[in-house]
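Participant: Next comes the structure file query-v1.tsv, holding TSV, C-alpha atoms.
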chain	number	residue	atom	x	y	z
A	1	MET	CA	-28.62	46.61	-19.23
A	2	GLN	CA	-29.71	43.91	-21.61
A	3	ILE	CA	-28.52	40.28	-21.34
A	4	GLN	CA	-27.50	38.73	-24.63
A	5	PRO	CA	-28.37	35.07	-25.25
A	6	SER	CA	-25.36	32.76	-25.43
A	7	THR	CA	-24.20	31.83	-28.90
A	8	LEU	CA	-22.66	28.61	-27.61
A	9	SER	CA	-24.49	25.64	-29.06
A	10	ARG	CA	-25.18	22.48	-27.11
A	11	ARG	CA	-22.66	20.62	-29.30
A	12	ASP	CA	-19.95	23.22	-28.54
A	13	ALA	CA	-20.72	23.00	-24.82
A	14	VAL	CA	-20.35	19.19	-24.89
A	15	LYS	CA	-17.04	19.50	-26.77
A	16	ALA	CA	-15.74	22.03	-24.25
A	17	ALA	CA	-16.75	19.79	-21.36
A	18	ALA	CA	-15.06	16.78	-23.00
A	19	TRP	CA	-11.82	18.75	-23.45
A	20	ALA	CA	-11.94	19.88	-19.81
A	21	LEU	CA	-12.50	16.29	-18.64
A	22	ALA	CA	-9.62	15.03	-20.81
A	23	ALA	CA	-7.31	17.73	-19.40
A	24	ALA	CA	-8.27	16.79	-15.83
A	25	ALA	CA	-7.67	13.09	-16.56
A	26	ALA	CA	-4.26	13.88	-18.04
A	27	ALA	CA	-3.34	15.85	-14.92
A	28	ILE	CA	-4.44	13.05	-12.58
A	29	ALA	CA	-3.13	10.06	-14.60
A	30	PRO	CA	0.53	10.26	-13.48
A	31	LYS	CA	-0.60	9.97	-9.86
A	32	LEU	CA	-2.51	6.74	-10.61
A	33	ALA	CA	0.57	4.82	-11.74
A	34	PHE	CA	1.16	1.62	-9.83
A	35	ALA	CA	4.07	1.18	-7.47
A	36	ASP	CA	6.77	-1.32	-8.36
A	37	GLU	CA	9.72	-3.00	-6.67
A	38	LYS	CA	11.85	0.15	-7.01
A	39	THR	CA	9.14	2.38	-5.52
A	40	VAL	CA	8.75	0.09	-2.51
A	41	ALA	CA	12.55	-0.06	-2.06
A	42	ALA	CA	12.66	3.75	-2.14
A	43	GLU	CA	9.93	3.95	0.53
A	44	ILE	CA	11.79	1.52	2.76
A	45	LYS	CA	15.04	3.44	2.18
A	46	LYS	CA	13.27	6.66	3.24
A	47	LEU	CA	12.37	5.00	6.52
A	48	TYR	CA	15.55	3.08	7.29
A	49	GLY	CA	18.31	4.11	4.89
A	50	ASP	CA	20.69	1.31	3.99
A	51	LYS	CA	20.37	-0.63	7.27
A	52	PRO	CA	20.68	-4.38	6.73
A	53	MET	CA	17.55	-6.48	6.99
A	54	ALA	CA	17.40	-10.06	8.15
A	55	SER	CA	14.74	-12.54	7.17
A	56	GLY	CA	12.89	-14.47	9.80
A	57	LYS	CA	11.01	-13.52	12.98
A	58	ILE	CA	8.01	-12.39	10.89
A	59	LYS	CA	5.07	-14.66	10.24
A	60	LEU	CA	3.18	-13.12	7.32
A	61	ASP	CA	-0.13	-14.91	6.89
A	62	VAL	CA	-1.78	-13.99	3.58
A	63	PRO	CA	-3.74	-16.06	1.07
A	64	GLU	CA	-1.84	-17.38	-1.95
A	65	ILE	CA	-4.88	-16.66	-4.12
A	66	ALA	CA	-7.34	-13.84	-3.42
A	67	GLU	CA	-10.71	-14.32	-5.08
A	68	ASN	CA	-11.62	-10.72	-4.31
A	69	GLY	CA	-8.89	-8.07	-4.47
A	70	LEU	CA	-11.08	-5.64	-2.53
A	71	VAL	CA	-10.79	-7.48	0.80
A	72	VAL	CA	-7.57	-9.45	1.12
A	73	PRO	CA	-6.90	-10.51	4.73
A	74	ILE	CA	-3.41	-10.04	6.12
A	75	ASN	CA	-2.11	-11.22	9.49
A	76	VAL	CA	1.32	-10.23	10.76
A	77	GLU	CA	2.99	-11.73	13.81
A	78	ILE	CA	6.53	-10.95	14.92
A	79	GLU	CA	8.48	-13.22	17.23
A	80	SER	CA	9.50	-11.10	20.23
A	81	PRO	CA	9.43	-11.34	24.04
A	82	MET	CA	7.90	-7.82	24.16
A	83	THR	CA	9.83	-6.77	27.26
A	84	GLU	CA	11.19	-3.30	28.03
A	85	ALA	CA	14.61	-4.45	26.77
A	86	ASP	CA	13.47	-6.29	23.65
A	87	TYR	CA	10.29	-5.48	21.75
A	88	VAL	CA	8.92	-4.74	18.30
A	89	LYS	CA	8.82	-1.00	17.76
A	90	ALA	CA	7.09	-0.76	14.37
A	91	VAL	CA	5.81	-2.87	11.49
A	92	HIS	CA	5.25	-1.58	7.96
A	93	VAL	CA	3.46	-3.43	5.14
A	94	PHE	CA	4.05	-2.50	1.49
A	95	ALA	CA	2.39	-3.66	-1.75
A	96	GLU	CA	4.39	-3.58	-4.98
A	97	GLY	CA	1.44	-3.24	-7.36
A	98	ASN	CA	-0.85	-0.70	-5.72
A	99	PRO	CA	-1.02	3.01	-6.55
A	100	GLN	CA	0.43	3.79	-3.11
A	101	PRO	CA	3.13	1.37	-1.91
A	102	GLY	CA	2.45	1.79	1.82
A	103	VAL	CA	-0.51	-0.32	2.94
A	104	VAL	CA	-0.40	-0.06	6.72
A	105	SER	CA	1.99	0.76	9.59
A	106	TYR	CA	1.70	-0.38	13.18
A	107	GLN	CA	3.44	0.96	16.29
A	108	PHE	CA	3.99	-1.36	19.27
A	109	THR	CA	5.16	-0.95	22.86
A	110	PRO	CA	6.10	-3.55	25.48
A	111	ALA	CA	2.63	-3.03	26.98
A	112	CYS	CA	1.12	-4.67	23.88
A	113	GLY	CA	2.27	-8.07	25.13
A	114	LYS	CA	2.30	-9.56	21.65
A	115	ALA	CA	3.40	-8.08	18.33
A	116	SER	CA	0.62	-9.12	16.02
A	117	ALA	CA	-1.99	-7.38	13.92
A	118	ALA	CA	-4.62	-8.24	11.36
A	119	THR	CA	-6.36	-6.17	8.73
A	120	ARG	CA	-7.75	-6.35	5.23
A	121	MET	CA	-6.17	-4.62	2.30
A	122	ARG	CA	-7.17	-3.79	-1.22
A	123	LEU	CA	-4.94	-5.16	-3.96
A	124	ALA	CA	-5.21	-3.83	-7.48
A	125	GLN	CA	-3.48	-6.82	-9.09
A	126	THR	CA	-1.33	-9.89	-8.45
A	127	GLN	CA	1.71	-8.65	-6.51
A	128	ASP	CA	4.26	-9.10	-3.74
A	129	ILE	CA	3.58	-7.93	-0.20
A	130	ILE	CA	6.62	-6.88	1.84
A	131	CYS	CA	6.61	-6.58	5.61
A	132	VAL	CA	9.38	-4.80	7.56
A	133	ALA	CA	9.62	-5.01	11.35
A	134	GLU	CA	11.78	-2.62	13.36
A	135	MET	CA	12.96	-3.91	16.71
A	136	SER	CA	13.69	-1.76	19.77
A	137	ASN	CA	17.45	-2.31	19.33
A	138	GLY	CA	17.26	-0.98	15.75
A	139	ALA	CA	17.46	-4.37	14.03
A	140	LEU	CA	15.27	-4.84	10.97
A	141	HIS	CA	13.51	-8.00	9.81
A	142	THR	CA	11.63	-8.56	6.59
A	143	ALA	CA	9.23	-11.04	5.02
A	144	LYS	CA	7.75	-11.24	1.54
A	145	ALA	CA	4.72	-13.04	0.09
A	146	ASN	CA	3.11	-13.15	-3.33
A	147	ILE	CA	-0.66	-12.89	-3.63
A	148	LYS	CA	-2.41	-13.80	-6.87
A	149	VAL	CA	-5.55	-11.73	-7.39
A	150	THR	CA	-7.98	-13.65	-9.60
A	151	ILE	CA	-10.10	-12.14	-12.34
A	152	GLY	CA	-13.08	-12.00	-9.97
A	153	GLY	CA	-11.18	-9.40	-7.92
A	154	CYS	CA	-9.57	-6.17	-9.08
A	155	GLY	CA	-7.15	-7.61	-11.61
A	156	GLY	CA	-5.51	-10.70	-12.96
What is this structure when it is put down as structure tokens?

Facilitator:
Amino acid sequence: MQIQPSTLSRRDAVKAAAWALAAAAAAIAPKLAFADEKTVAAEIKKLYGDKPMASGKIKLDVPEIAENGLVVPINVEIESPMTEADYVKAVHVFAEGNPQPGVVSYQFTPACGKASAATRMRLAQTQDIICVAEMSNGALHTAKANIKVTIGGCGG
């Protein structure tokens, strides 16, 4: 058995690789679309249906301007006695301009003593952050804040 040398030139190999890369990018691109207000609303509806949401009870502490979109601090505190009869069951944070709308979810029990959490999130651009808190009795509370990501961060 004799092996024949390839007749594929270097130029043809580079073209083929470029076409393969373009095809892969085209397949991935739809998944990289940013979430919007409708996407976040759909995510919240998946979790809670059409249950009414009241404002208040949530203290959402985020910076108005983030100089670096890679590490934006977020602090969430929900007003609750955290007793067996009345406590915060879950908290969900959503971002309207990120590729994935869900940023973080927290689960609480009365043993937590206080319904508060802090983390850092990555924001791709200036956008609204929505926080939804589910109470033990099924009531829902929401808060919203806008964070401007400066050019030094991920977007403008």

Participant: Would you please work out which residue, of A:Val62, A:Val76, A:Ala18, A:Ala85, is nearest to Pro110 in chain A when using only C-alpha atoms?

Facilitator: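 The shortest atom-to-atom distance to Pro110 in chain A comes from A:Ala85.
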
Participant: Which is closest to Arg120 in chain A among A:Ala139, A:Thr150, A:Val72, A:Val91, if we use only C-alpha atoms?

Facilitator: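 Among the listed residues, A:Val72 lies closest to Arg120 in chain A.
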
Participant: Which residue is closest to Gln127 in chain A? Choose from A:Ile78, A:Asp36, A:Lys57, A:Val103 and count only C-alpha atoms.

Facilitator: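 For Gln127 in chain A, the nearest of the candidates is A:Asp36.
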
Participant: Just how far from CA of Ser136 in chain A is CA of Phe94 in chain A, in Å to one decimal?

Facilitator: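 About the pair CA of Phe94 in chain A and CA of Ser136 in chain A: they are 20.7 Å apart.
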
Participant: Suppose you want the space between CA of Leu123 in chain A and CA of Phe108 in chain A; what is it in Å?

Facilitator: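 That distance, rounded to one decimal, is 25.2 Å.
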
Participant: Of the residues A:Val40, A:Leu47, A:Met82, A:Ala13, which is the one nearest to Lys114 in chain A, using all atoms listed in the file?

Facilitator: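 Residue with the minimum atom-to-atom distance to Lys114 in chain A: A:Met82.
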
Participant: Report, in Å to a single decimal, how far apart CA of Ser116 in chain A and CA of Asp50 in chain A are.

Facilitator: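 Going from CA of Asp50 in chain A over to CA of Ser116 in chain A covers 25.6 Å.
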